[in-house]
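start_4.txt (compact mmCIF, C-alpha atoms)
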```txt
# COMPACT_ATOMS: atom_id res chain seq x y z
CA MET P 1462 -63.12 -36.77 52.81
CA THR P 1463 -62.03 -36.39 56.39
CA THR P 1464 -63.72 -33.88 58.65
CA LEU P 1465 -61.51 -31.23 60.16
CA SER P 1466 -61.53 -30.74 63.87
CA ASN P 1467 -60.27 -27.52 65.39
CA SER P 1468 -59.69 -28.94 68.82
CA VAL P 1469 -56.29 -27.37 69.26
CA ASN P 1470 -55.19 -23.80 69.81
CA PRO P 1471 -52.03 -22.09 68.64
CA ALA P 1472 -49.10 -21.42 70.92
CA GLN P 1473 -50.49 -23.29 73.88
CA PRO P 1474 -47.73 -24.47 76.20
CA PHE P 1475 -47.46 -28.23 76.26
CA ALA P 1476 -44.66 -28.68 78.69
CA ALA P 1477 -45.43 -28.49 82.34
CA ALA P 1478 -44.66 -25.09 83.81
CA SER P 1479 -41.79 -26.56 85.81
CA ALA P 1480 -40.29 -28.52 82.89
CA PRO P 1481 -36.51 -28.25 82.90
CA ALA P 1482 -34.57 -26.47 80.17
CA GLY P 1483 -33.54 -28.86 77.44
CA ASP P 1484 -30.28 -30.31 76.29
CA VAL P 1485 -28.12 -28.63 73.63
CA ALA P 1486 -29.36 -31.22 71.14
CA ASP P 1487 -32.95 -30.13 71.81
CA TYR P 1488 -32.14 -26.53 70.96
CA PHE P 1489 -30.38 -27.70 67.80
CA ALA P 1490 -33.46 -29.77 66.88
CA LEU P 1491 -35.58 -26.59 67.15
CA LEU P 1492 -33.62 -25.25 64.16
CA LYS P 1493 -34.82 -28.09 61.87
CA PRO P 1494 -31.27 -29.08 60.82
CA ARG P 1495 -32.36 -30.97 57.68
CA VAL P 1496 -34.21 -27.91 56.39
CA MET P 1497 -31.14 -25.83 57.25
CA ALA P 1498 -28.96 -28.16 55.17
CA LEU P 1499 -31.31 -27.76 52.18
CA VAL P 1500 -31.31 -23.98 52.63
CA ILE P 1501 -27.48 -23.85 52.70
CA PHE P 1502 -27.39 -25.96 49.55
CA THR P 1503 -29.94 -23.93 47.55
CA ALA P 1504 -28.48 -20.60 48.71
CA LEU P 1505 -25.01 -21.79 47.66
CA VAL P 1506 -26.36 -22.60 44.19
CA GLY P 1507 -27.96 -19.14 44.05
CA MET P 1508 -24.54 -17.66 44.84
CA THR P 1509 -22.79 -19.85 42.27
CA VAL P 1510 -25.03 -19.11 39.28
CA SER P 1511 -24.63 -15.36 39.76
CA HIS P 1512 -21.19 -15.11 38.09
CA ALA P 1513 -20.18 -12.45 40.61
CA HIS P 1514 -17.16 -12.48 42.88
CA VAL P 1515 -17.46 -12.51 46.62
CA ASN P 1516 -14.74 -12.78 49.25
CA PRO P 1517 -14.80 -16.44 50.42
CA VAL P 1518 -14.90 -15.39 54.08
CA VAL P 1519 -17.83 -13.05 53.44
CA GLY P 1520 -19.54 -15.77 51.37
CA ALA P 1521 -19.10 -18.44 54.05
CA ILE P 1522 -20.31 -16.18 56.87
CA SER P 1523 -23.27 -15.09 54.75
CA LEU P 1524 -24.22 -18.71 54.07
CA LEU P 1525 -23.98 -19.44 57.80
CA MET P 1526 -26.27 -16.51 58.57
CA ILE P 1527 -28.80 -17.59 55.94
CA ALA P 1528 -28.80 -21.04 57.57
CA VAL P 1529 -29.18 -19.58 61.07
CA GLY P 1530 -32.03 -17.36 59.85
CA ALA P 1531 -33.76 -20.39 58.33
CA GLY P 1532 -33.22 -22.28 61.59
CA ALA P 1533 -34.68 -19.37 63.54
CA SER P 1534 -37.82 -19.39 61.42
CA GLY P 1535 -38.08 -23.16 61.98
CA CYS P 1536 -37.77 -22.55 65.72
CA LEU P 1537 -40.54 -19.93 65.68
CA ASN P 1538 -42.67 -22.34 63.64
CA MET P 1539 -42.18 -25.06 66.27
CA TRP P 1540 -43.06 -22.59 69.03
CA TRP P 1541 -46.33 -21.62 67.33
CA ASP P 1542 -47.25 -25.12 66.16
CA ALA P 1543 -46.48 -26.99 69.39
CA ASP P 1544 -50.16 -27.88 69.83
CA VAL P 1545 -50.40 -29.30 66.31
CA ASP P 1546 -47.06 -31.11 66.62
CA ALA P 1547 -48.31 -32.82 69.79
CA VAL P 1548 -51.11 -34.67 67.99
CA MET P 1549 -49.14 -35.83 64.94
CA THR P 1550 -46.96 -38.95 65.16
CA ARG P 1551 -44.31 -37.41 62.88
CA THR P 1552 -43.78 -34.40 65.15
CA ARG P 1553 -44.95 -35.28 68.65
CA MET P 1554 -41.42 -36.02 69.87
CA ARG P 1555 -40.20 -32.54 68.96
CA PRO P 1556 -38.66 -30.72 71.95
CA ILE P 1557 -41.65 -28.52 72.87
CA PRO P 1558 -44.52 -31.06 72.66
CA ALA P 1559 -42.28 -33.63 74.33
CA GLY P 1560 -41.82 -31.23 77.26
CA ARG P 1561 -38.05 -30.88 76.98
CA ILE P 1562 -38.12 -27.16 76.13
CA ARG P 1563 -40.64 -24.60 77.34
CA PRO P 1564 -42.46 -22.57 74.64
CA GLY P 1565 -41.12 -19.30 76.02
CA GLU P 1566 -37.54 -20.57 75.77
CA ALA P 1567 -38.09 -21.55 72.13
CA LEU P 1568 -39.64 -18.14 71.36
CA SER P 1569 -36.68 -16.28 72.90
CA PHE P 1570 -34.22 -18.55 71.10
CA GLY P 1571 -35.95 -18.06 67.72
CA LEU P 1572 -36.29 -14.28 68.05
CA THR P 1573 -32.65 -13.87 69.16
CA LEU P 1574 -31.35 -15.91 66.24
CA SER P 1575 -33.67 -14.09 63.80
CA VAL P 1576 -32.46 -10.64 64.76
CA GLY P 1577 -28.82 -11.75 65.06
CA SER P 1578 -28.70 -13.52 61.68
CA VAL P 1579 -30.28 -10.58 59.83
CA LEU P 1580 -27.93 -8.02 61.43
CA VAL P 1581 -24.77 -10.06 60.82
CA LEU P 1582 -25.82 -10.78 57.21
CA GLY P 1583 -26.39 -7.06 56.66
CA LEU P 1584 -22.94 -6.24 58.03
CA ALA P 1585 -21.24 -9.12 56.19
CA ALA P 1586 -22.88 -8.85 52.77
CA ASN P 1587 -25.43 -6.09 52.13
CA TRP P 1588 -28.77 -4.88 53.43
CA LEU P 1589 -30.72 -6.16 50.41
CA ALA P 1590 -29.71 -9.72 51.34
CA ALA P 1591 -30.44 -9.00 55.01
CA GLY P 1592 -33.85 -7.57 54.12
CA LEU P 1593 -34.68 -10.64 52.04
CA LEU P 1594 -33.66 -12.90 54.94
CA ALA P 1595 -35.82 -10.89 57.34
CA PHE P 1596 -38.73 -11.14 54.88
CA THR P 1597 -38.21 -14.91 54.57
CA ILE P 1598 -38.23 -15.41 58.35
CA ALA P 1599 -41.31 -13.20 58.79
CA PHE P 1600 -43.11 -14.86 55.88
CA TYR P 1601 -42.51 -18.38 57.23
CA ALA P 1602 -43.16 -17.61 60.89
CA VAL P 1603 -46.05 -15.16 60.57
CA ILE P 1604 -47.71 -15.47 57.15
CA TYR P 1605 -47.35 -19.26 56.82
CA SER P 1606 -47.24 -20.62 60.38
CA MET P 1607 -49.59 -18.22 62.14
CA TRP P 1608 -52.04 -17.53 59.32
CA LEU P 1609 -52.06 -19.69 56.18
CA LYS P 1610 -51.33 -23.09 57.70
CA ARG P 1611 -54.58 -23.24 59.67
CA ALA P 1612 -56.66 -21.07 57.33
CA THR P 1613 -56.50 -22.40 53.77
CA ALA P 1614 -55.74 -25.51 51.72
CA GLN P 1615 -53.37 -23.30 49.69
CA ASN P 1616 -51.17 -23.03 52.81
CA ILE P 1617 -48.11 -24.81 51.44
CA VAL P 1618 -48.58 -23.35 47.96
CA ILE P 1619 -48.28 -19.73 49.13
CA GLY P 1620 -46.05 -20.62 52.09
CA GLY P 1621 -43.69 -22.36 49.68
CA ALA P 1622 -42.35 -18.91 48.78
CA ALA P 1623 -40.41 -18.88 52.05
CA GLY P 1624 -38.65 -22.13 51.19
CA ALA P 1625 -37.94 -20.91 47.67
CA LEU P 1626 -36.21 -17.66 48.67
CA PRO P 1627 -32.72 -18.91 49.77
CA PRO P 1628 -31.26 -18.90 46.19
CA VAL P 1629 -32.53 -15.33 45.81
CA ILE P 1630 -30.80 -14.32 49.05
CA GLY P 1631 -27.68 -16.12 47.80
CA GLN P 1632 -27.61 -14.08 44.60
CA ALA P 1633 -28.26 -10.87 46.55
CA VAL P 1634 -25.23 -11.68 48.74
CA VAL P 1635 -22.75 -12.02 45.86
CA ALA P 1636 -24.26 -9.73 43.20
CA GLY P 1637 -26.01 -7.11 45.32
CA HIS P 1638 -29.18 -7.52 43.27
CA VAL P 1639 -31.82 -10.12 42.39
CA GLY P 1640 -31.36 -11.47 38.86
CA ILE P 1641 -33.18 -13.77 36.47
CA GLU P 1642 -31.06 -16.78 37.54
CA SER P 1643 -32.20 -16.83 41.17
CA THR P 1644 -35.75 -15.88 40.13
CA VAL P 1645 -35.92 -19.02 37.99
CA LEU P 1646 -34.54 -21.12 40.87
CA PHE P 1647 -37.18 -19.54 43.11
CA LEU P 1648 -39.91 -20.54 40.67
CA ILE P 1649 -38.60 -24.12 40.40
CA ILE P 1650 -38.71 -24.60 44.19
CA PHE P 1651 -42.06 -22.79 44.40
CA ILE P 1652 -43.74 -25.06 41.83
CA TRP P 1653 -41.98 -28.13 43.27
CA THR P 1654 -43.41 -27.53 46.77
CA PRO P 1655 -47.09 -28.57 46.23
CA PRO P 1656 -46.45 -32.05 44.74
CA HIS P 1657 -43.75 -32.62 47.37
CA PHE P 1658 -45.95 -31.82 50.39
CA TRP P 1659 -49.25 -33.08 49.01
CA ALA P 1660 -47.71 -36.50 48.36
CA LEU P 1661 -46.98 -36.70 52.09
CA ALA P 1662 -50.35 -35.15 52.97
CA LEU P 1663 -52.16 -37.92 51.03
CA VAL P 1664 -50.59 -40.49 53.36
CA LYS P 1665 -50.93 -38.42 56.54
CA ALA P 1666 -54.42 -37.02 55.78
CA SER P 1667 -56.04 -38.42 58.92
CA GLU P 1668 -53.32 -36.95 61.14
CA TYR P 1669 -53.67 -33.51 59.55
CA ALA P 1670 -57.45 -33.76 60.04
CA ARG P 1671 -56.99 -34.64 63.71
CA ALA P 1672 -54.67 -31.65 64.11
CA GLY P 1673 -57.16 -29.34 62.36
CA ILE P 1674 -54.81 -28.45 59.50
CA PRO P 1675 -56.71 -27.92 56.21
CA MET P 1676 -54.34 -29.74 53.88
CA MET P 1677 -55.53 -30.20 50.30
CA PRO P 1678 -56.54 -33.92 50.66
CA ASN P 1679 -58.74 -33.02 53.65
CA VAL P 1680 -60.40 -30.05 51.98
CA ALA P 1681 -60.63 -30.85 48.25
CA GLY P 1682 -60.36 -34.63 48.65
CA PRO P 1683 -57.65 -37.09 47.65
CA ASP P 1684 -58.68 -37.34 43.99
CA SER P 1685 -58.57 -33.58 43.41
CA THR P 1686 -55.21 -33.47 45.21
CA ARG P 1687 -53.86 -36.20 42.92
CA ARG P 1688 -54.97 -34.27 39.82
CA GLN P 1689 -53.35 -31.10 41.16
CA ILE P 1690 -50.13 -33.01 41.88
CA VAL P 1691 -50.00 -34.09 38.24
CA GLY P 1692 -50.75 -30.52 37.14
CA TYR P 1693 -47.92 -29.03 39.16
CA SER P 1694 -45.51 -31.77 38.05
CA ALA P 1695 -46.47 -31.13 34.40
CA LEU P 1696 -45.65 -27.46 35.00
CA LEU P 1697 -42.41 -28.33 36.82
CA ALA P 1698 -40.95 -30.55 34.07
CA PRO P 1699 -40.55 -27.75 31.46
CA LEU P 1700 -39.84 -25.12 34.12
CA GLY P 1701 -36.95 -27.27 35.32
CA LEU P 1702 -35.35 -26.75 31.91
CA ALA P 1703 -35.64 -22.95 32.01
CA PRO P 1704 -31.99 -22.55 33.17
CA VAL P 1705 -30.96 -24.21 29.88
CA ALA P 1706 -33.06 -21.81 27.82
CA LEU P 1707 -31.64 -18.87 29.78
CA GLY P 1708 -28.07 -20.05 29.27
CA PHE P 1709 -26.94 -20.80 32.84
CA GLY P 1710 -27.80 -24.51 32.68
CA GLY P 1711 -25.48 -26.58 30.48
CA LEU P 1712 -25.48 -30.05 28.98
CA ILE P 1713 -25.27 -31.95 32.28
CA TYR P 1714 -28.09 -29.88 33.75
CA ALA P 1715 -30.21 -30.35 30.62
CA LEU P 1716 -29.91 -34.15 30.84
CA VAL P 1717 -30.56 -34.25 34.59
CA GLY P 1718 -33.45 -31.80 34.32
CA LEU P 1719 -35.08 -33.70 31.47
CA VAL P 1720 -34.79 -37.17 33.02
CA CYS P 1721 -35.77 -36.03 36.53
CA GLY P 1722 -38.66 -33.91 35.25
CA LEU P 1723 -40.08 -36.86 33.32
CA ALA P 1724 -39.54 -39.20 36.30
CA MET P 1725 -41.35 -36.76 38.61
CA LEU P 1726 -44.23 -36.55 36.14
CA ALA P 1727 -44.37 -40.37 35.77
CA LEU P 1728 -44.45 -40.87 39.55
CA SER P 1729 -47.20 -38.24 39.82
CA VAL P 1730 -49.27 -40.07 37.19
CA GLN P 1731 -48.69 -43.26 39.18
CA VAL P 1732 -50.10 -41.49 42.26
CA LEU P 1733 -53.14 -40.43 40.20
CA ARG P 1734 -53.74 -43.96 38.92
CA THR P 1735 -53.16 -45.82 42.19
CA ARG P 1736 -55.90 -44.64 44.53
CA GLU P 1737 -56.68 -47.51 46.86
CA GLY P 1738 -55.00 -49.33 49.73
CA GLU P 1739 -51.37 -49.72 50.66
CA ARG P 1740 -50.26 -49.41 47.02
CA ALA P 1741 -51.65 -45.87 46.94
CA ASN P 1742 -49.61 -44.96 50.03
CA ARG P 1743 -46.49 -46.52 48.50
CA ALA P 1744 -46.98 -44.54 45.28
CA ALA P 1745 -47.40 -41.29 47.22
CA MET P 1746 -44.33 -41.97 49.39
CA SER P 1747 -42.30 -42.84 46.28
CA LEU P 1748 -43.19 -39.46 44.81
CA PHE P 1749 -42.41 -37.74 48.12
CA ALA P 1750 -38.97 -39.41 48.33
CA PHE P 1751 -38.15 -38.77 44.67
CA SER P 1752 -39.18 -35.12 44.90
CA ILE P 1753 -36.38 -34.58 47.44
CA LEU P 1754 -33.94 -36.30 45.10
CA TYR P 1755 -35.26 -34.21 42.18
CA LEU P 1756 -34.35 -30.91 43.78
CA PHE P 1757 -31.01 -32.26 45.01
CA LEU P 1758 -29.99 -33.55 41.56
CA LEU P 1759 -31.05 -30.43 39.65
CA PHE P 1760 -29.26 -28.07 42.01
CA SER P 1761 -26.21 -30.39 42.20
CA ALA P 1762 -25.96 -30.31 38.40
CA LEU P 1763 -25.98 -26.49 38.44
CA LEU P 1764 -23.40 -26.46 41.23
CA ALA P 1765 -21.15 -28.88 39.33
CA GLU P 1766 -21.42 -26.89 36.10
CA GLN P 1767 -20.97 -23.42 37.55
CA GLY P 1768 -18.79 -24.26 40.55
CA LEU P 1769 -16.53 -26.97 39.13
CA GLY P 1770 -16.25 -25.65 35.58
CA LEU P 1771 -18.18 -28.50 33.95
CA PHE P 1772 -20.46 -26.15 32.01
CA ARG P 1773 -20.91 -27.07 28.34
CA PRO P 1774 -23.52 -24.92 26.55
CA VAL P 1775 -26.51 -26.66 24.99
CA LEU P 1776 -27.65 -23.69 22.93
CA GLY P 1777 -25.10 -21.89 20.77
CA MET I 206 -36.54 -15.42 101.05
CA SER I 207 -37.47 -18.53 99.10
CA ALA I 208 -34.95 -21.35 98.83
CA LEU I 209 -33.27 -21.99 95.50
CA PRO I 210 -34.63 -25.07 93.69
CA GLN I 211 -32.50 -28.18 94.07
CA LEU I 212 -31.18 -29.37 90.71
CA THR I 213 -30.78 -33.04 89.95
CA PRO I 214 -27.41 -34.31 88.64
CA ASP I 215 -29.00 -34.60 85.18
CA GLU I 216 -30.21 -30.98 85.27
CA ILE I 217 -26.72 -29.84 86.36
CA ARG I 218 -25.16 -31.81 83.49
CA ARG I 219 -27.55 -30.26 80.95
CA ARG I 220 -26.96 -26.77 82.35
CA ARG I 221 -23.20 -27.28 82.03
CA LYS I 222 -23.59 -28.39 78.41
CA ARG I 223 -25.75 -25.33 77.63
CA SER I 224 -23.16 -23.06 79.23
CA VAL I 225 -20.38 -24.60 77.14
CA ALA I 226 -22.52 -24.22 73.99
CA ILE I 227 -23.19 -20.52 74.75
CA ALA I 228 -19.44 -19.98 75.32
CA LEU I 229 -18.65 -21.63 71.98
CA VAL I 230 -21.25 -19.51 70.16
CA LEU I 231 -19.82 -16.33 71.70
CA ALA I 232 -16.29 -17.39 70.69
CA ALA I 233 -17.58 -18.08 67.15
CA LEU I 234 -19.15 -14.60 67.04
CA VAL I 235 -15.82 -13.04 68.00
CA ALA I 236 -14.10 -15.06 65.26
CA ILE I 237 -16.79 -14.07 62.72
CA PHE I 238 -16.47 -10.34 63.45
CA TYR I 239 -12.66 -10.55 63.40
CA ALA I 240 -12.66 -12.41 60.06
CA LEU I 241 -15.25 -10.02 58.60
CA THR I 242 -13.22 -6.99 59.64
CA ILE I 243 -10.08 -8.35 58.00
CA ALA I 244 -11.96 -9.52 54.90
CA LYS I 245 -13.78 -6.22 54.34
CA LEU I 246 -11.12 -3.73 55.44
CA GLY I 247 -8.02 -5.74 54.50
CA PRO I 248 -4.59 -5.84 56.12
CA GLN I 249 -4.50 -2.02 56.20
CA VAL I 250 -7.15 -2.05 58.91
CA LEU I 251 -4.75 -0.58 61.49
CA ASN I 252 -2.94 1.74 59.09
CA ARG I 253 -5.48 4.54 59.09
CA PRO I 254 -5.24 8.20 60.07
CA LEU I 255 -6.60 8.96 63.52
```

Will you turn the file into structure tokens for me?
Amino acid sequence: MTTLSNSVNPAQPFAAASAPAGDVADYFALLKPRVMALVIFTALVGMTVSHAHVNPVVGAISLLMIAVGAGASGCLNMWWDADVDAVMTRTRMRPIPAGRIRPGEALSFGLTLSVGSVLVLGLAANWLAAGLLAFTIAFYAVIYSMWLKRATAQNIVIGGAAGALPPVIGQAVVAGHVGIESTVLFLIIFIWTPPHFWALALVKASEYARAGIPMMPNVAGPDSTRRQIVGYSALLAPLGLAPVALGFGGLIYALVGLVCGLAMLALSVQVLRTREGERANRAAMSLFAFSILYLFLLFSALLAEQGLGLFRPVLG
Amino acid sequence: MSALPQLTPDEIRRRRKRSVAIALVLAALVAIFYALTIAKLGPQVLNRPL
């Protein structure tokens, strides 16, 4: 097990005081565009499964605001975690640790976008959706980034709630309430998060240790992490089929959910069985890569069934 | 009075790009509020008693 070192402090400026303001691309990078794309996608599915009508203009603007809000929380996360990002190879070229944007500029940018996205979503859709977006931003930036991430090995388990909320916001936008459909989608993303991040953490354990982040492999050890990955994947496989049982997942979704759930479980077992050397890293990275595909395929199936009229009921 | 800092050509180029981006975002905000007004209030938006 690797020893943790708390040699870094939160929110310490890394750029020189006289560092110039960054390029437009640097500000865009602060928004974590790939996470934004995933948020747009999952929120759109949350809107689609709700069976409620929304004006397309209102729907599109709401989706944009959900994406901007997610980007703002990513920006605030990068502001707070600049010291950690600077010591990890995966993140050290981000705009703040690389010295292209000053921490204060990122903080102002993130706060402005946070407030703006919540207000416009409230005006465009409703204040329940806006409140949920505000909660998501606050949960990710404050509860996860500032507290959980450096405090407990359950950081990404609890923090995963922030990443799981976009479908719930999507349903709130179109239906004005939170229903069982988006709650199930929330649970799927929530249970999916630990095996997804811990697969990466197994490979990057030494970097997390150097940065002082108590990820599960550093705290409980790699073997315990592997067992927990299998446990969460075993939970995820049947949970992934809950939309079928509840009637909003059809035949296509049932097939995709079953095959992908079993594949995710098989790759997790492979991670558990392959514990040494480069093969262990390859097994973990295979699970990490497939977990992204898993979520994409399941949500794409729901989108195709509900959005393109391909729904064929499995039950009844 | 202190002298203004001299910007390099690269800093001037980046500042110009940021200014253009801010202008585009402001224009997008205008378009968003216009579209929202029409979408939520409909074509009768101007046909209301004073």

Please put the answer as JSON: centre and edge lengths, in Å with one decimal, of a box along x, y and z that encloses all listed atoms of range 1504-1508 of chain P plus 8 Å on each side.
```
{"center_x": -26.5, "center_y": -20.1, "center_z": 46.4, "size_x": 19.9, "size_y": 20.9, "size_z": 20.7}
```

For chain P versus chain I, which residues have an atom no more than 12 Å away, and what is each residue's nearest atom pair and distance in Å rounded to one decimal, using only C-alpha atoms, chain-then-number order, as a tab-separated table?
```
residue	atom	partner	partner_atom	distance
P:Ser1479	CA	I:Pro210	CA	10.8
P:Ala1480	CA	I:Glu216	CA	10.6
P:Pro1481	CA	I:Glu216	CA	7.3
P:Ala1482	CA	I:Arg220	CA	7.9
P:Gly1483	CA	I:Arg219	CA	7.1
P:Asp1484	CA	I:Arg219	CA	5.4
P:Val1485	CA	I:Arg223	CA	5.7
P:Ala1486	CA	I:Arg223	CA	9.5
P:Asp1487	CA	I:Arg223	CA	10.4
P:Tyr1488	CA	I:Arg223	CA	9.3
P:Phe1489	CA	I:Ala226	CA	10.6
P:Val1515	CA	I:Ala244	CA	10.4
P:Asn1516	CA	I:Ala244	CA	7.1
P:Pro1517	CA	I:Ala244	CA	8.7
P:Val1518	CA	I:Ala244	CA	6.6
P:Val1519	CA	I:Leu241	CA	6.5
P:Gly1520	CA	I:Leu241	CA	10.2
P:Ala1521	CA	I:Ile237	CA	10.0
P:Ile1522	CA	I:Ile237	CA	7.1
P:Ser1523	CA	I:Leu241	CA	10.2
P:Leu1525	CA	I:Ile237	CA	10.2
P:Met1526	CA	I:Ile237	CA	10.6
P:Arg1561	CA	I:Arg219	CA	11.2
P:Phe1570	CA	I:Ile227	CA	11.8
P:Leu1574	CA	I:Val230	CA	11.4
P:Gly1577	CA	I:Leu234	CA	10.3
P:Ser1578	CA	I:Leu234	CA	11.0
P:Leu1580	CA	I:Phe238	CA	11.9
P:Val1581	CA	I:Phe238	CA	8.7
P:Leu1582	CA	I:Leu241	CA	10.7
P:Gly1583	CA	I:Leu241	CA	11.7
P:Leu1584	CA	I:Leu241	CA	8.6
P:Ala1585	CA	I:Leu241	CA	6.5
P:Ala1586	CA	I:Lys245	CA	9.6
P:Asn1587	CA	I:Lys245	CA	11.9
```

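Going from CA of Ala1698 in chain P to CA of Ala1498 in chain P covers 24.4 Å.
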
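You will find CA of Phe1709 in chain P at 22.6 Å from CA of Thr1654 in chain P.
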
Practice task
Between P:Asp1684, P:Glu1668, P:Glu1739, P:Glu1766, single out the one closest to Met1549 in chain P, counting all atoms listed in the file.
Solution key: P:Glu1668

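For the pair CA of Arg1563 in chain P and CA of Asp1544 in chain P, the interatomic distance is 12.6 Å.
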
Problem - Residue neighbourhood Ala1662 in chain P, 10 Å, all atoms listed in the file, exclusion window fewer than 4 positions, as a PyMOL selection string - result: chain P and resi 1655-1658+1666-1669+1676-1679+1683+1686+1745-1746+1749

Practice task
Find the spatial neighbours of Gly1535 in chain P, counting all atoms listed in the file, within a cut-off of 12 Å - ignore same-chain residues fewer than 4 positions away - and output them as a PyMOL selection string.
Solution key: chain P and resi 1488-1497+1500+1528-1531+1539-1543+1555+1567-1568+1570-1572+1574-1575+1597-1603+1605-1606+1623-1624

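Every protein, DNA or RNA residue with an atom at most 10 Å from Arg1688 in chain P, where all atoms listed in the file count and chain neighbours fewer than 5 positions away do not, is listed here: Pro1683, Tyr1693, Ser1694, Ser1729, Val1730, Val1732, Leu1733 and Arg1734 of chain P.
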
Generate the missing atoms of range 217-234 of chain I up to N, CA and C atoms and report them as a PDB file, in the frame of the given file.
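Output file rebuild-v1.pdb follows:
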```pdb
ATOM      1  N   ILE I 217     -28.032 -30.520  86.263  1.00  0.00           N
ATOM      2  CA  ILE I 217     -26.720 -29.840  86.360  1.00  0.00           C
ATOM      3  C   ILE I 217     -25.885 -30.145  85.119  1.00  0.00           C
ATOM      4  N   ARG I 218     -25.927 -31.414  84.677  1.00  0.00           N
ATOM      5  CA  ARG I 218     -25.160 -31.810  83.490  1.00  0.00           C
ATOM      6  C   ARG I 218     -25.666 -31.050  82.260  1.00  0.00           C
ATOM      7  N   ARG I 219     -26.987 -30.955  82.121  1.00  0.00           N
ATOM      8  CA  ARG I 219     -27.550 -30.260  80.950  1.00  0.00           C
ATOM      9  C   ARG I 219     -27.234 -28.766  81.007  1.00  0.00           C
ATOM     10  N   ARG I 220     -27.273 -28.195  82.220  1.00  0.00           N
ATOM     11  CA  ARG I 220     -26.960 -26.770  82.350  1.00  0.00           C
ATOM     12  C   ARG I 220     -25.503 -26.518  81.955  1.00  0.00           C
ATOM     13  N   ARG I 221     -24.610 -27.436  82.382  1.00  0.00           N
ATOM     14  CA  ARG I 221     -23.200 -27.280  82.030  1.00  0.00           C
ATOM     15  C   ARG I 221     -23.008 -27.337  80.522  1.00  0.00           C
ATOM     16  N   LYS I 222     -23.707 -28.277  79.874  1.00  0.00           N
ATOM     17  CA  LYS I 222     -23.590 -28.390  78.410  1.00  0.00           C
ATOM     18  C   LYS I 222     -24.117 -27.135  77.713  1.00  0.00           C
ATOM     19  N   ARG I 223     -25.210 -26.573  78.207  1.00  0.00           N
ATOM     20  CA  ARG I 223     -25.750 -25.330  77.630  1.00  0.00           C
ATOM     21  C   ARG I 223     -24.764 -24.184  77.815  1.00  0.00           C
ATOM     22  N   SER I 224     -24.130 -24.141  78.981  1.00  0.00           N
ATOM     23  CA  SER I 224     -23.160 -23.060  79.230  1.00  0.00           C
ATOM     24  C   SER I 224     -21.978 -23.172  78.278  1.00  0.00           C
ATOM     25  N   VAL I 225     -21.496 -24.396  78.067  1.00  0.00           N
ATOM     26  CA  VAL I 225     -20.380 -24.600  77.140  1.00  0.00           C
ATOM     27  C   VAL I 225     -20.797 -24.195  75.723  1.00  0.00           C
ATOM     28  N   ALA I 226     -22.040 -24.558  75.330  1.00  0.00           N
ATOM     29  CA  ALA I 226     -22.520 -24.220  73.990  1.00  0.00           C
ATOM     30  C   ALA I 226     -22.602 -22.706  73.807  1.00  0.00           C
ATOM     31  N   ILE I 227     -23.098 -21.986  74.834  1.00  0.00           N
ATOM     32  CA  ILE I 227     -23.190 -20.520  74.750  1.00  0.00           C
ATOM     33  C   ILE I 227     -21.792 -19.917  74.627  1.00  0.00           C
ATOM     34  N   ALA I 228     -20.825 -20.470  75.393  1.00  0.00           N
ATOM     35  CA  ALA I 228     -19.440 -19.980  75.320  1.00  0.00           C
ATOM     36  C   ALA I 228     -18.876 -20.182  73.914  1.00  0.00           C
ATOM     37  N   LEU I 229     -19.148 -21.341  73.335  1.00  0.00           N
ATOM     38  CA  LEU I 229     -18.650 -21.630  71.980  1.00  0.00           C
ATOM     39  C   LEU I 229     -19.270 -20.691  70.947  1.00  0.00           C
ATOM     40  N   VAL I 230     -20.577 -20.425  71.091  1.00  0.00           N
ATOM     41  CA  VAL I 230     -21.250 -19.510  70.160  1.00  0.00           C
ATOM     42  C   VAL I 230     -20.666 -18.102  70.279  1.00  0.00           C
ATOM     43  N   LEU I 231     -20.409 -17.665  71.508  1.00  0.00           N
ATOM     44  CA  LEU I 231     -19.820 -16.330  71.700  1.00  0.00           C
ATOM     45  C   LEU I 231     -18.420 -16.269  71.088  1.00  0.00           C
ATOM     46  N   ALA I 232     -17.639 -17.337  71.280  1.00  0.00           N
ATOM     47  CA  ALA I 232     -16.290 -17.390  70.690  1.00  0.00           C
ATOM     48  C   ALA I 232     -16.396 -17.356  69.156  1.00  0.00           C
ATOM     49  N   ALA I 233     -17.387 -18.072  68.609  1.00  0.00           N
ATOM     50  CA  ALA I 233     -17.580 -18.080  67.150  1.00  0.00           C
ATOM     51  C   ALA I 233     -17.955 -16.685  66.651  1.00  0.00           C
ATOM     52  N   LEU I 234     -18.775 -15.967  67.426  1.00  0.00           N
ATOM     53  CA  LEU I 234     -19.150 -14.600  67.040  1.00  0.00           C
ATOM     54  C   LEU I 234     -17.931 -13.690  66.991  1.00  0.00           C
TER      55      LEU I 234
END
```
